[in-house]
$ cat upload.txt   # compact mmCIF, C-alpha atoms
# COMPACT_ATOMS: atom_id res chain seq x y z
CA MET A 908 -19.09 5.17 49.96
CA THR A 909 -18.90 8.88 49.16
CA PRO A 910 -21.97 10.74 50.49
CA HIS A 911 -24.41 11.67 47.76
CA VAL A 912 -24.72 15.37 47.02
CA ILE A 913 -28.38 16.27 47.44
CA GLU A 914 -29.70 18.75 44.90
CA PRO A 915 -33.21 19.92 45.81
CA ASP A 916 -35.83 19.77 43.06
CA PRO A 917 -39.22 20.58 44.61
CA GLN A 918 -40.93 20.72 41.20
CA ALA A 919 -39.93 17.14 40.43
CA GLY A 920 -41.05 16.09 43.90
CA ALA A 921 -44.44 17.67 43.37
CA ALA A 922 -44.85 15.75 40.10
CA VAL A 923 -43.94 12.46 41.78
CA LYS A 924 -46.39 13.15 44.59
CA ALA A 925 -49.18 14.08 42.15
CA ALA A 926 -48.74 10.88 40.16
CA ASP A 927 -48.67 8.82 43.32
CA ARG A 928 -51.87 10.36 44.64
CA ALA A 929 -53.58 9.92 41.27
CA HIS A 930 -52.67 6.29 40.64
CA VAL A 931 -50.93 4.41 43.48
CA PHE A 932 -53.08 2.47 45.93
CA HIS A 933 -51.08 2.10 49.15
CA SER A 934 -51.14 -0.85 51.53
CA TRP A 935 -52.54 -0.69 55.08
CA SER A 936 -53.87 2.85 54.50
CA ALA A 937 -57.00 4.93 54.16
CA GLN A 938 -56.08 6.39 50.79
CA GLY A 939 -57.49 9.84 51.39
CA LEU A 940 -55.76 10.29 54.74
CA ILE A 941 -52.14 9.64 53.78
CA ASP A 942 -49.41 11.95 52.53
CA PRO A 943 -46.50 9.76 51.32
CA LEU A 944 -43.06 11.33 51.30
CA ALA A 945 -41.67 11.63 47.76
CA VAL A 946 -38.22 10.03 47.92
CA ALA A 947 -35.56 11.27 45.54
CA GLY A 948 -32.82 8.77 46.40
CA ALA A 949 -31.09 6.61 48.97
CA GLU A 950 -27.58 5.46 49.79
CA GLY A 951 -26.20 3.44 52.67
CA SER A 952 -28.16 4.21 55.83
CA TYR A 953 -29.79 7.37 54.46
CA PHE A 954 -32.50 8.50 52.07
CA TRP A 955 -33.60 11.98 51.03
CA ASP A 956 -36.56 13.84 49.57
CA TYR A 957 -36.85 16.35 46.72
CA ASP A 958 -36.66 19.28 49.11
CA GLY A 959 -33.16 18.30 50.17
CA ASN A 960 -34.07 16.80 53.53
CA ARG A 961 -31.92 13.79 54.42
CA TYR A 962 -33.06 11.10 56.88
CA LEU A 963 -31.13 8.45 58.78
CA ASP A 964 -33.24 5.36 58.20
CA PHE A 965 -33.82 3.55 61.49
CA THR A 966 -36.39 1.29 59.77
CA SER A 967 -34.17 -0.36 57.13
CA GLY A 968 -37.06 0.09 54.69
CA LEU A 969 -39.38 -2.43 56.29
CA VAL A 970 -36.52 -4.08 58.18
CA TYR A 971 -34.96 -5.48 55.03
CA THR A 972 -32.15 -3.24 53.76
CA ASN A 973 -29.66 -5.17 55.87
CA ILE A 974 -26.70 -3.93 53.82
CA GLY A 975 -28.16 -0.46 53.30
CA TYR A 976 -29.32 1.18 50.10
CA GLN A 977 -27.56 0.97 46.74
CA HIS A 978 -24.62 -1.21 47.70
CA PRO A 979 -22.49 -1.02 44.54
CA LYS A 980 -21.55 -4.71 44.46
CA VAL A 981 -25.16 -5.86 44.64
CA VAL A 982 -26.31 -3.28 42.10
CA ALA A 983 -23.53 -4.46 39.77
CA ALA A 984 -24.51 -8.11 40.23
CA ILE A 985 -28.12 -7.35 39.26
CA GLN A 986 -26.94 -5.43 36.20
CA GLU A 987 -24.60 -8.23 35.17
CA GLN A 988 -27.30 -10.87 35.57
CA ALA A 989 -29.77 -8.78 33.57
CA GLY A 990 -27.28 -8.74 30.70
CA LYS A 991 -26.69 -12.49 30.94
CA LEU A 992 -30.14 -13.98 31.67
CA ALA A 993 -32.78 -11.61 32.98
CA THR A 994 -35.46 -14.24 33.65
CA PHE A 995 -36.21 -17.93 33.24
CA ALA A 996 -38.95 -20.33 34.34
CA PRO A 997 -38.53 -22.02 37.73
CA ALA A 998 -38.61 -25.62 36.43
CA PHE A 999 -35.08 -25.33 35.03
CA ALA A 1000 -31.68 -25.54 36.72
CA ILE A 1001 -30.15 -22.07 36.51
CA ASP A 1002 -26.63 -21.39 37.81
CA VAL A 1003 -27.43 -18.33 39.88
CA ARG A 1004 -30.53 -19.97 41.38
CA SER A 1005 -28.53 -23.04 42.37
CA GLU A 1006 -25.78 -20.88 43.86
CA ALA A 1007 -28.23 -18.80 45.88
CA ALA A 1008 -29.80 -21.98 47.28
CA ARG A 1009 -26.36 -23.39 48.11
CA LEU A 1010 -25.27 -20.26 49.94
CA ILE A 1011 -28.50 -20.03 51.93
CA ALA A 1012 -28.47 -23.73 52.85
CA GLY A 1013 -24.87 -23.36 53.99
CA ARG A 1014 -25.97 -20.87 56.64
CA THR A 1015 -29.26 -22.29 57.87
CA PRO A 1016 -29.12 -24.40 61.04
CA GLY A 1017 -29.14 -28.19 61.05
CA ASP A 1018 -30.24 -30.09 57.97
CA LEU A 1019 -32.36 -27.34 56.40
CA ASP A 1020 -30.61 -27.97 53.09
CA LYS A 1021 -33.39 -27.73 50.51
CA ILE A 1022 -34.64 -24.27 49.50
CA PHE A 1023 -38.04 -23.50 48.00
CA PHE A 1024 -37.97 -19.98 46.61
CA THR A 1025 -40.87 -17.54 46.83
CA ASN A 1026 -41.32 -13.86 46.03
CA GLY A 1027 -41.50 -12.75 49.66
CA GLY A 1028 -42.13 -13.65 53.27
CA ALA A 1029 -45.91 -14.12 53.20
CA GLU A 1030 -45.64 -16.63 50.35
CA ALA A 1031 -42.90 -18.40 52.28
CA VAL A 1032 -45.27 -18.80 55.24
CA GLU A 1033 -48.09 -19.97 52.95
CA ASN A 1034 -45.90 -22.70 51.50
CA ALA A 1035 -44.34 -23.72 54.83
CA VAL A 1036 -47.80 -24.30 56.26
CA ARG A 1037 -48.86 -26.23 53.16
CA MET A 1038 -45.78 -28.43 53.44
CA ALA A 1039 -46.45 -29.10 57.12
CA ARG A 1040 -50.08 -30.01 56.49
CA LEU A 1041 -49.21 -32.35 53.64
CA HIS A 1042 -46.33 -33.91 55.56
CA THR A 1043 -48.41 -34.65 58.65
CA GLY A 1044 -51.86 -35.16 57.13
CA ARG A 1045 -53.19 -32.75 59.77
CA THR A 1046 -54.81 -29.33 59.39
CA LYS A 1047 -54.45 -27.18 62.52
CA VAL A 1048 -51.64 -24.68 62.91
CA LEU A 1049 -50.84 -22.87 66.17
CA SER A 1050 -49.52 -19.31 66.11
CA ALA A 1051 -48.91 -16.62 68.71
CA TYR A 1052 -51.12 -13.59 69.33
CA ARG A 1053 -48.17 -11.20 69.25
CA SER A 1054 -47.02 -12.03 65.75
CA TYR A 1055 -47.00 -11.00 62.13
CA HIS A 1056 -46.60 -13.56 59.34
CA GLY A 1057 -47.74 -11.73 56.20
CA ALA A 1058 -50.79 -10.49 54.33
CA THR A 1059 -51.75 -13.37 52.03
CA SER A 1060 -54.70 -15.58 52.94
CA THR A 1061 -53.18 -18.14 55.30
CA ALA A 1062 -50.40 -15.83 56.51
CA ILE A 1063 -52.80 -13.07 57.58
CA ASN A 1064 -54.95 -15.55 59.48
CA LEU A 1065 -51.89 -16.86 61.29
CA THR A 1066 -50.97 -13.29 62.21
CA GLY A 1067 -51.83 -12.20 65.74
CA ASP A 1068 -51.92 -8.41 65.39
CA PRO A 1069 -54.98 -6.28 64.50
CA ARG A 1070 -54.16 -6.20 60.79
CA ARG A 1071 -55.73 -9.66 60.75
CA TRP A 1072 -59.16 -8.56 61.90
CA ALA A 1073 -60.63 -7.20 58.67
CA SER A 1074 -59.58 -10.30 56.71
CA ASP A 1075 -60.07 -12.96 59.38
CA ASN A 1076 -62.30 -15.48 57.68
CA GLY A 1077 -61.33 -18.21 60.10
CA SER A 1078 -58.89 -20.12 57.88
CA ALA A 1079 -59.39 -23.78 58.72
CA GLY A 1080 -57.52 -24.82 61.79
CA VAL A 1081 -55.73 -21.65 62.93
CA VAL A 1082 -55.41 -21.63 66.73
CA ARG A 1083 -53.63 -18.87 68.64
CA PHE A 1084 -51.79 -18.99 71.94
CA TRP A 1085 -49.79 -16.66 74.18
CA ALA A 1086 -46.04 -16.72 73.65
CA PRO A 1087 -43.72 -15.46 76.42
CA PHE A 1088 -43.34 -11.71 77.03
CA LEU A 1089 -42.16 -11.05 80.57
CA TYR A 1090 -42.62 -7.26 80.52
CA ARG A 1091 -46.36 -7.72 79.88
CA SER A 1092 -46.65 -11.30 81.09
CA PRO A 1093 -50.00 -12.99 80.53
CA PHE A 1094 -48.87 -15.60 83.08
CA TYR A 1095 -48.17 -13.29 86.06
CA ALA A 1096 -44.53 -14.36 85.95
CA THR A 1097 -41.82 -12.37 87.69
CA THR A 1098 -38.71 -14.04 86.23
CA GLU A 1099 -37.64 -15.29 82.81
CA ALA A 1100 -37.59 -18.84 84.15
CA GLU A 1101 -41.20 -18.54 85.36
CA GLU A 1102 -42.30 -16.95 82.09
CA SER A 1103 -40.69 -19.69 80.02
CA ALA A 1104 -42.09 -22.54 82.12
CA ARG A 1105 -45.61 -21.08 82.30
CA ALA A 1106 -45.69 -20.25 78.60
CA LEU A 1107 -44.66 -23.80 77.75
CA GLN A 1108 -47.33 -25.20 80.07
CA HIS A 1109 -49.92 -22.94 78.44
CA LEU A 1110 -48.84 -24.23 75.02
CA GLU A 1111 -49.08 -27.84 76.20
CA ASP A 1112 -52.54 -27.19 77.61
CA THR A 1113 -53.64 -25.61 74.33
CA ILE A 1114 -52.37 -28.64 72.41
CA ALA A 1115 -54.12 -31.03 74.78
CA PHE A 1116 -57.48 -29.31 74.36
CA GLU A 1117 -57.11 -28.93 70.60
CA GLY A 1118 -56.04 -32.56 70.16
CA PRO A 1119 -52.36 -33.27 69.45
CA ALA A 1120 -53.21 -35.56 66.54
CA THR A 1121 -55.00 -32.69 64.76
CA ILE A 1122 -52.09 -30.22 64.83
CA ALA A 1123 -49.82 -29.99 61.81
CA ALA A 1124 -47.49 -27.19 62.90
CA ILE A 1125 -46.54 -24.57 65.43
CA ILE A 1126 -45.23 -21.38 63.82
CA LEU A 1127 -43.28 -18.77 65.75
CA GLU A 1128 -41.18 -15.79 64.81
CA THR A 1129 -37.85 -16.70 66.39
CA VAL A 1130 -37.73 -13.13 67.70
CA PRO A 1131 -41.07 -11.44 66.97
CA GLY A 1132 -40.51 -8.34 64.85
CA THR A 1133 -43.36 -5.94 64.21
CA ALA A 1134 -45.14 -7.24 67.32
CA GLY A 1135 -42.44 -5.84 69.59
CA ILE A 1136 -39.03 -7.58 69.34
CA MET A 1137 -39.62 -9.80 72.37
CA THR A 1138 -36.54 -12.01 72.71
CA PRO A 1139 -37.74 -15.40 73.99
CA PRO A 1140 -36.53 -16.35 77.47
CA PRO A 1141 -33.89 -19.07 77.86
CA GLY A 1142 -35.28 -22.54 77.32
CA TYR A 1143 -38.51 -21.53 75.63
CA LEU A 1144 -37.71 -22.37 72.01
CA ALA A 1145 -35.97 -25.57 73.08
CA GLY A 1146 -39.11 -26.44 75.02
CA VAL A 1147 -41.29 -25.85 71.96
CA ARG A 1148 -38.94 -28.04 69.95
CA GLU A 1149 -39.34 -30.85 72.52
CA ILE A 1150 -43.14 -30.52 72.51
CA CYS A 1151 -43.23 -30.69 68.72
CA ASP A 1152 -41.03 -33.79 68.71
CA ARG A 1153 -43.21 -35.48 71.31
CA TYR A 1154 -46.44 -34.97 69.37
CA GLY A 1155 -45.15 -35.23 65.81
CA ILE A 1156 -45.85 -31.54 65.14
CA VAL A 1157 -43.83 -29.63 62.56
CA PHE A 1158 -41.90 -26.72 64.11
CA VAL A 1159 -41.78 -23.68 61.81
CA LEU A 1160 -39.60 -20.69 62.61
CA ASP A 1161 -40.38 -17.45 60.78
CA GLU A 1162 -37.08 -15.64 60.19
CA VAL A 1163 -38.39 -13.27 57.52
CA MET A 1164 -37.45 -10.27 59.66
CA SER A 1165 -34.88 -11.67 62.10
CA GLY A 1166 -32.76 -13.57 59.58
CA PHE A 1167 -29.59 -12.72 57.65
CA GLY A 1168 -27.63 -10.88 60.28
CA ARG A 1169 -30.34 -8.80 61.90
CA THR A 1170 -29.78 -10.23 65.40
CA GLY A 1171 -26.00 -10.47 65.14
CA LYS A 1172 -26.00 -14.03 63.80
CA TRP A 1173 -26.98 -15.34 60.39
CA PHE A 1174 -30.28 -16.51 61.86
CA ALA A 1175 -31.84 -15.74 65.23
CA ALA A 1176 -32.26 -19.49 65.83
CA ASP A 1177 -28.47 -19.66 66.18
CA HIS A 1178 -28.74 -17.75 69.47
CA PHE A 1179 -30.90 -20.49 70.95
CA ASP A 1180 -29.31 -23.65 69.46
CA VAL A 1181 -32.67 -24.69 68.04
CA VAL A 1182 -33.26 -26.31 64.66
CA PRO A 1183 -36.80 -26.09 63.26
CA ASP A 1184 -38.28 -28.41 60.64
CA LEU A 1185 -39.04 -25.50 58.33
CA MET A 1186 -37.67 -21.96 58.31
CA THR A 1187 -39.09 -19.06 56.32
CA PHE A 1188 -36.93 -16.19 55.12
CA ALA A 1189 -37.07 -13.11 52.85
CA LYS A 1190 -36.11 -9.43 53.36
CA GLY A 1191 -32.44 -9.53 54.34
CA VAL A 1192 -31.60 -12.45 52.03
CA ASN A 1193 -30.82 -9.86 49.34
CA SER A 1194 -31.51 -6.65 51.25
CA GLY A 1195 -34.79 -6.30 49.37
CA TYR A 1196 -33.08 -5.20 46.14
CA VAL A 1197 -35.27 -7.61 44.15
CA PRO A 1198 -38.21 -9.44 45.83
CA LEU A 1199 -37.16 -12.85 47.14
CA GLY A 1200 -38.20 -15.18 49.93
CA GLY A 1201 -38.23 -18.87 50.61
CA VAL A 1202 -38.58 -21.89 52.83
CA ALA A 1203 -35.59 -23.85 54.11
CA ILE A 1204 -36.71 -27.47 54.40
CA SER A 1205 -35.45 -30.32 56.58
CA ALA A 1206 -34.40 -33.62 55.05
CA GLU A 1207 -37.39 -35.45 56.55
CA ILE A 1208 -39.98 -33.08 55.12
CA ALA A 1209 -38.19 -32.82 51.77
CA ALA A 1210 -38.29 -36.62 51.53
CA THR A 1211 -42.11 -36.50 51.73
CA PHE A 1212 -42.05 -35.05 48.24
CA ASP A 1213 -39.42 -37.33 46.68
CA ARG A 1214 -42.08 -39.39 44.88
CA ARG A 1215 -45.11 -37.26 45.64
CA PRO A 1216 -45.43 -33.98 43.74
CA TYR A 1217 -45.46 -30.87 45.86
CA PRO A 1218 -48.68 -29.06 44.88
CA GLY A 1219 -47.37 -25.52 44.89
CA GLY A 1220 -45.30 -23.14 42.83
CA LEU A 1221 -44.79 -19.57 41.68
CA THR A 1222 -44.11 -18.15 38.25
CA TYR A 1223 -41.14 -16.16 39.52
CA SER A 1224 -39.79 -18.70 42.02
CA GLY A 1225 -36.03 -18.26 42.19
CA HIS A 1226 -36.04 -15.34 39.75
CA PRO A 1227 -32.50 -14.92 38.33
CA LEU A 1228 -32.27 -11.22 39.18
CA ALA A 1229 -33.41 -11.83 42.74
CA CYS A 1230 -31.03 -14.77 43.14
CA ALA A 1231 -28.13 -12.75 41.72
CA ALA A 1232 -28.89 -10.10 44.34
CA ALA A 1233 -28.94 -12.79 47.04
CA VAL A 1234 -25.60 -14.27 45.97
CA ALA A 1235 -23.99 -10.83 45.92
CA THR A 1236 -25.58 -9.81 49.24
CA ILE A 1237 -24.39 -12.93 51.06
CA GLN A 1238 -20.90 -12.43 49.62
CA VAL A 1239 -20.89 -8.79 50.73
CA MET A 1240 -22.02 -9.83 54.21
CA GLU A 1241 -19.15 -12.31 54.40
CA ASP A 1242 -16.48 -10.04 52.93
CA GLU A 1243 -17.46 -6.96 54.92
CA LYS A 1244 -18.27 -8.87 58.14
CA VAL A 1245 -21.75 -7.41 58.24
CA VAL A 1246 -23.11 -10.02 60.66
CA GLU A 1247 -20.22 -9.38 63.02
CA ASN A 1248 -20.82 -5.65 62.74
CA ALA A 1249 -24.48 -6.08 63.71
CA ALA A 1250 -23.44 -8.02 66.81
CA HIS A 1251 -20.75 -5.46 67.71
CA ILE A 1252 -23.05 -2.46 67.22
CA GLY A 1253 -25.77 -4.04 69.33
CA GLU A 1254 -23.46 -4.98 72.17
CA THR A 1255 -21.33 -1.85 72.35
CA VAL A 1256 -23.26 1.09 70.91
CA LEU A 1257 -26.96 0.63 70.15
CA GLY A 1258 -28.01 -1.51 73.10
CA PRO A 1259 -26.09 0.51 75.71
CA GLY A 1260 -27.20 3.78 74.09
CA LEU A 1261 -30.86 2.82 74.19
CA ARG A 1262 -30.60 1.69 77.81
CA GLU A 1263 -29.01 5.01 78.70
CA LEU A 1264 -31.94 6.81 77.08
CA ALA A 1265 -34.32 4.68 79.14
CA GLU A 1266 -32.65 5.81 82.34
CA ARG A 1267 -33.26 9.47 81.49
CA HIS A 1268 -36.68 9.38 79.83
CA PRO A 1269 -39.81 8.56 81.85
CA SER A 1270 -41.58 7.52 78.65
CA VAL A 1271 -39.30 4.49 78.10
CA GLY A 1272 -40.62 1.51 80.01
CA GLU A 1273 -38.40 -1.21 78.60
CA VAL A 1274 -35.54 -1.67 76.14
CA ARG A 1275 -35.21 -5.08 74.50
CA GLY A 1276 -33.40 -6.60 71.56
CA MET A 1277 -30.11 -7.85 70.13
CA GLY A 1278 -27.88 -7.03 67.20
CA VAL A 1279 -29.54 -4.23 65.25
CA PHE A 1280 -33.03 -5.38 66.26
CA TRP A 1281 -34.33 -3.32 69.19
CA ALA A 1282 -37.57 -1.93 70.59
CA LEU A 1283 -38.40 0.80 73.08
CA ASP A 1284 -41.68 0.13 74.88
CA LEU A 1285 -43.10 3.61 75.55
CA VAL A 1286 -45.32 4.07 78.61
CA LYS A 1287 -47.34 6.66 80.48
CA ASN A 1288 -45.97 5.46 83.77
CA LYS A 1289 -42.94 3.25 84.41
CA GLU A 1290 -44.43 1.80 87.59
CA THR A 1291 -47.79 0.76 86.12
CA ARG A 1292 -46.34 0.04 82.65
CA GLU A 1293 -49.45 1.54 81.07
CA PRO A 1294 -48.71 1.94 77.34
CA LEU A 1295 -48.23 5.48 76.09
CA VAL A 1296 -51.20 4.91 73.75
CA PRO A 1297 -53.92 2.23 73.88
CA TYR A 1298 -53.61 -1.01 71.91
CA ASN A 1299 -54.26 -0.38 68.21
CA ALA A 1300 -54.85 3.33 68.85
CA ALA A 1301 -55.77 5.65 65.99
CA GLY A 1302 -56.57 9.32 65.53
CA GLU A 1303 -56.50 11.46 68.66
CA ALA A 1304 -55.84 8.43 70.87
CA ASN A 1305 -52.57 7.92 69.02
CA ALA A 1306 -51.51 11.58 69.27
CA PRO A 1307 -48.56 11.00 71.66
CA MET A 1308 -46.92 8.50 69.31
CA ALA A 1309 -47.67 10.69 66.30
CA ALA A 1310 -45.97 13.62 68.06
CA PHE A 1311 -42.97 11.43 68.87
CA GLY A 1312 -42.67 10.30 65.23
CA ALA A 1313 -42.93 13.84 63.92
CA ALA A 1314 -40.22 14.99 66.32
CA ALA A 1315 -37.89 12.22 65.19
CA LYS A 1316 -38.34 13.18 61.53
CA LYS A 1317 -37.80 16.84 62.35
CA ASN A 1318 -34.42 15.80 63.76
CA GLY A 1319 -33.47 13.84 60.64
CA LEU A 1320 -34.37 10.36 61.86
CA TRP A 1321 -36.96 8.18 60.12
CA PRO A 1322 -38.40 6.04 62.95
CA PHE A 1323 -40.13 2.68 62.98
CA VAL A 1324 -43.27 3.34 65.04
CA ASN A 1325 -45.85 0.68 65.87
CA MET A 1326 -48.54 1.11 68.53
CA ASN A 1327 -46.77 2.26 71.73
CA ARG A 1328 -43.29 1.30 70.53
CA THR A 1329 -40.48 2.64 68.46
CA HIS A 1330 -38.06 0.11 67.02
CA ALA A 1331 -34.40 0.81 66.36
CA VAL A 1332 -33.63 -1.35 63.34
CA PRO A 1333 -30.92 0.30 61.23
CA ALA A 1334 -28.95 -1.46 58.51
CA CYS A 1335 -26.74 -4.30 59.73
CA ASN A 1336 -23.68 -2.47 58.36
CA VAL A 1337 -24.58 0.78 60.10
CA SER A 1338 -21.57 2.64 61.53
CA GLU A 1339 -21.00 3.64 65.14
CA ALA A 1340 -21.19 7.31 64.13
CA GLU A 1341 -24.53 6.78 62.41
CA VAL A 1342 -25.95 4.98 65.45
CA LYS A 1343 -24.84 7.81 67.72
CA GLU A 1344 -26.51 10.28 65.35
CA GLY A 1345 -29.71 8.23 65.58
CA LEU A 1346 -29.53 8.02 69.36
CA ALA A 1347 -29.22 11.81 69.59
CA ALA A 1348 -32.31 12.25 67.42
CA LEU A 1349 -34.19 9.67 69.51
CA ASP A 1350 -33.16 11.52 72.65
CA ALA A 1351 -34.81 14.70 71.38
CA ALA A 1352 -37.93 12.90 70.17
CA LEU A 1353 -38.36 11.04 73.45
CA SER A 1354 -38.50 14.39 75.22
CA VAL A 1355 -41.74 14.94 73.31
CA ALA A 1356 -43.04 11.53 74.41
CA ASP A 1357 -42.11 12.42 77.98
CA GLU A 1358 -44.65 15.25 77.88
CA HIS A 1359 -47.42 12.61 77.80
CA THR A 1360 -46.28 10.67 80.86
CA ALA A 1361 -47.88 10.82 84.28
$ encode --input "upload.txt" --output "structure tokens"
Amino acid sequence: MTPHVIEPDPQAGAAVKAADRAHVFHSWSAQGLIDPLAVAGAEGSYFWDYDGNRYLDFTSGLVYTNIGYQHPKVVAAIQEQAGKLATFAPAFAIDVRSEAARLIAGRTPGDLDKIFFTNGGAEAVENAVRMARLHTGRTKVLSAYRSYHGATSTAINLTGDPRRWASDNGSAGVVRFWAPFLYRSPFYATTEAEESARALQHLEDTIAFEGPATIAAIILETVPGTAGIMTPPPGYLAGVREICDRYGIVFVLDEVMSGFGRTGKWFAADHFDVVPDLMTFAKGVNSGYVPLGGVAISAEIAATFDRRPYPGGLTYSGHPLACAAAVATIQVMEDEKVVENAAHIGETVLGPGLRELAERHPSVGEVRGMGVFWALDLVKNKETREPLVPYNAAGEANAPMAAFGAAAKKNGLWPFVNMNRTHAVPACNVSEAEVKEGLAALDAALSVADEHTA
């Protein structure tokens, strides 16, 4: 792809910004305290503003542009579908919808061969939980504290992070537990084996005290995303699978962020040889070009609704434009070996590069991840592991992370910053040269974080 020639147009940027501030209500924000960047365009791994500043996007949007921005084959597929059949109701069999479902089912693990389409990840979680409750006749759902599952009613209450607090109305039957995280172990473990065993025992104890016969599902992000990219220790997910089988609990894996190549395999579950009963997806399924999500459903749960209507649906379920984007995206990922590239980049460039930064910067406490899905845990002190900023810090308390983020942007890198972490989550088809450019910018920005260490 030929690099786009950036032609600055500050006047146009000012107009875009003025209209935004007058009329757009932004998510997760105090409206009077934000200053959104006016974006003029994007291509591949980069985007740029109206002043001519270009940024290497180490966020992949919100970890969804897995094939980068404006891939010509996906753009063309959307255009072609718009000319053929721009929209149609979900109750009908539409060729592109059927093909998208076939391609997705062909890549999901095990017998997850039926696909219920949604408009995004939160709706996928909503419907997965509904399916589990109807299938089991139970109400409780267990989720981890370090998690994010979406912002709709049930999804936000299943979420573990502080974005839940303002909307936490105690959705019936949501119970949280501690999932494994050795670097900040809640179980005083010193090895991955200890962390896995103690986390599984904690989960069993939680189930025992909640009543196994009352629990419909356990939902986990296969590799938690926004919460910190904590790769589960060996044996943990298999252990959860065994517990679910023993008690008749539906096992739901949330692959909204980790799916479609992000971890170097089609789905993160493939790393752990685990097959859930339900799997949610979105984001990377079509690189976010048109909103699309869904639930991949096992044969057993699908059979529950063979003669019993499923009481759920969405006006735009399996929207033709979104499905056309998914078909084209999956084909691009196959043809251009995007999943293989994500694995290669993680193993040979991004992972080693981040670990090398950790050796030189006192602010980097831990590096963790796989594929193009990595996190740097920033600390005040490597020995004590005290986070660089307090949990859920804001304002002056968050100044060290704000300074780090500003330094990254100054060096042409748009970082993913959450609490005391920065995540390195570029496009799955990112090049080695682009990753090295990002690592150099991170190196400079981490020098700013280092100034706040003790």
$ residues_around --input "upload.txt" --residues "Ala949 in chain A" --least-positions-apart "6" --cutoff "12 Å" --atoms "all atoms listed in the file" --output "ChimeraX atom specification"
/A:910-913,955-957,959-964,967-968,972,975-978
$ closest_residue --input "upload.txt" --among "A:Gly1253, A:Gly1028, A:Pro915, A:Pro1294" --to "Glu1339 in chain A" --atoms "only C-alpha atoms"
A:Gly1253
$ atom_distance --input "upload.txt" --atom1 "CA of Met1326 in chain A" --atom2 "CA of Ile974 in chain A"
26.8 Å
$ closest_residue --input "upload.txt" --among "A:Glu1290, A:Ala922, A:Asp1357, A:Ala1000" --to "Arg1267 in chain A" --atoms "only C-alpha atoms"
A:Asp1357
$ closest_residue --input "upload.txt" --among "A:Arg1083, A:Glu1263, A:Arg1053, A:Lys1190" --to "Tyr1298 in chain A" --atoms "all atoms listed in the file"
A:Arg1053
$ atom_distance --input "upload.txt" --atom1 "CA of Ser1165 in chain A" --atom2 "CA of Val1332 in chain A"
10.5 Å
$ residues_around --input "upload.txt" --residues "Pro1119 in chain A" --least-positions-apart "4" --cutoff "9 Å" --atoms "all atoms listed in the file" --output "PyMOL selection string"
chain A and resi 1114-1115+1123+1154-1156
$ closest_residue --input "upload.txt" --among "A:Leu1199, A:Ala1209, A:Ala1235, A:Leu1264" --to "Ala1029 in chain A" --atoms "all atoms listed in the file"
A:Leu1199
$ atom_distance --input "upload.txt" --atom1 "CA of Gly939 in chain A" --atom2 "CA of Glu1303 in chain A"
17.4 Å
$ residues_near_point --input "upload.txt" --point "(-34.7, 9.8, 64.3)" --cutoff "12 Å" --atoms "only C-alpha atoms" --output "PyMOL selection string"
chain A and resi 953+961-966+1311-1324+1329-1333+1341-1353
$ closest_residue --input "upload.txt" --among "A:Leu969, A:Leu1285, A:Ile1022, A:Ala1356" --to "Leu1010 in chain A" --atoms "only C-alpha atoms"
A:Ile1022
$ closest_residue --input "upload.txt" --among "A:Asn1026, A:Thr1113, A:Ser1224, A:Ser1338" --to "Thr1255 in chain A" --atoms "all atoms listed in the file"
A:Ser1338
$ residues_around --input "upload.txt" --residues "Gly1278 in chain A" --least-positions-apart "6" --cutoff "10 Å" --atoms "only C-alpha atoms" --output "number ranges by chain"
A: 1165, 1168-1172, 1175, 1246-1255, 1257-1258, 1332-1333, 1335
$ closest_atom_pairs --input "upload.txt" --of "range 1064-1163 of chain A" --to "range 1035-1046 of chain A" --cutoff "9 Å" --atoms "all atoms listed in the file" --output "CSV"
residue,atom,partner,partner_atom,distance
A:Ala1079,CA,A:Thr1046,CA,7.2
A:Gly1080,CA,A:Thr1046,CA,5.8
A:Val1081,CA,A:Thr1046,CA,8.5
A:Ala1120,CA,A:Arg1045,CA,7.3
A:Thr1121,CA,A:Arg1045,CA,5.3
A:Ile1122,CA,A:Arg1045,CA,5.8
A:Ala1123,CA,A:Arg1045,CA,4.8
A:Ala1124,CA,A:Ala1039,CA,6.2
A:Ile1126,CA,A:Val1036,CA,8.5
A:Gly1155,CA,A:Thr1043,CA,7.9
A:Ile1156,CA,A:Thr1043,CA,7.6
A:Val1157,CA,A:Ala1039,CA,6.1
A:Phe1158,CA,A:Ala1039,CA,8.7
A:Val1159,CA,A:Ala1035,CA,7.4
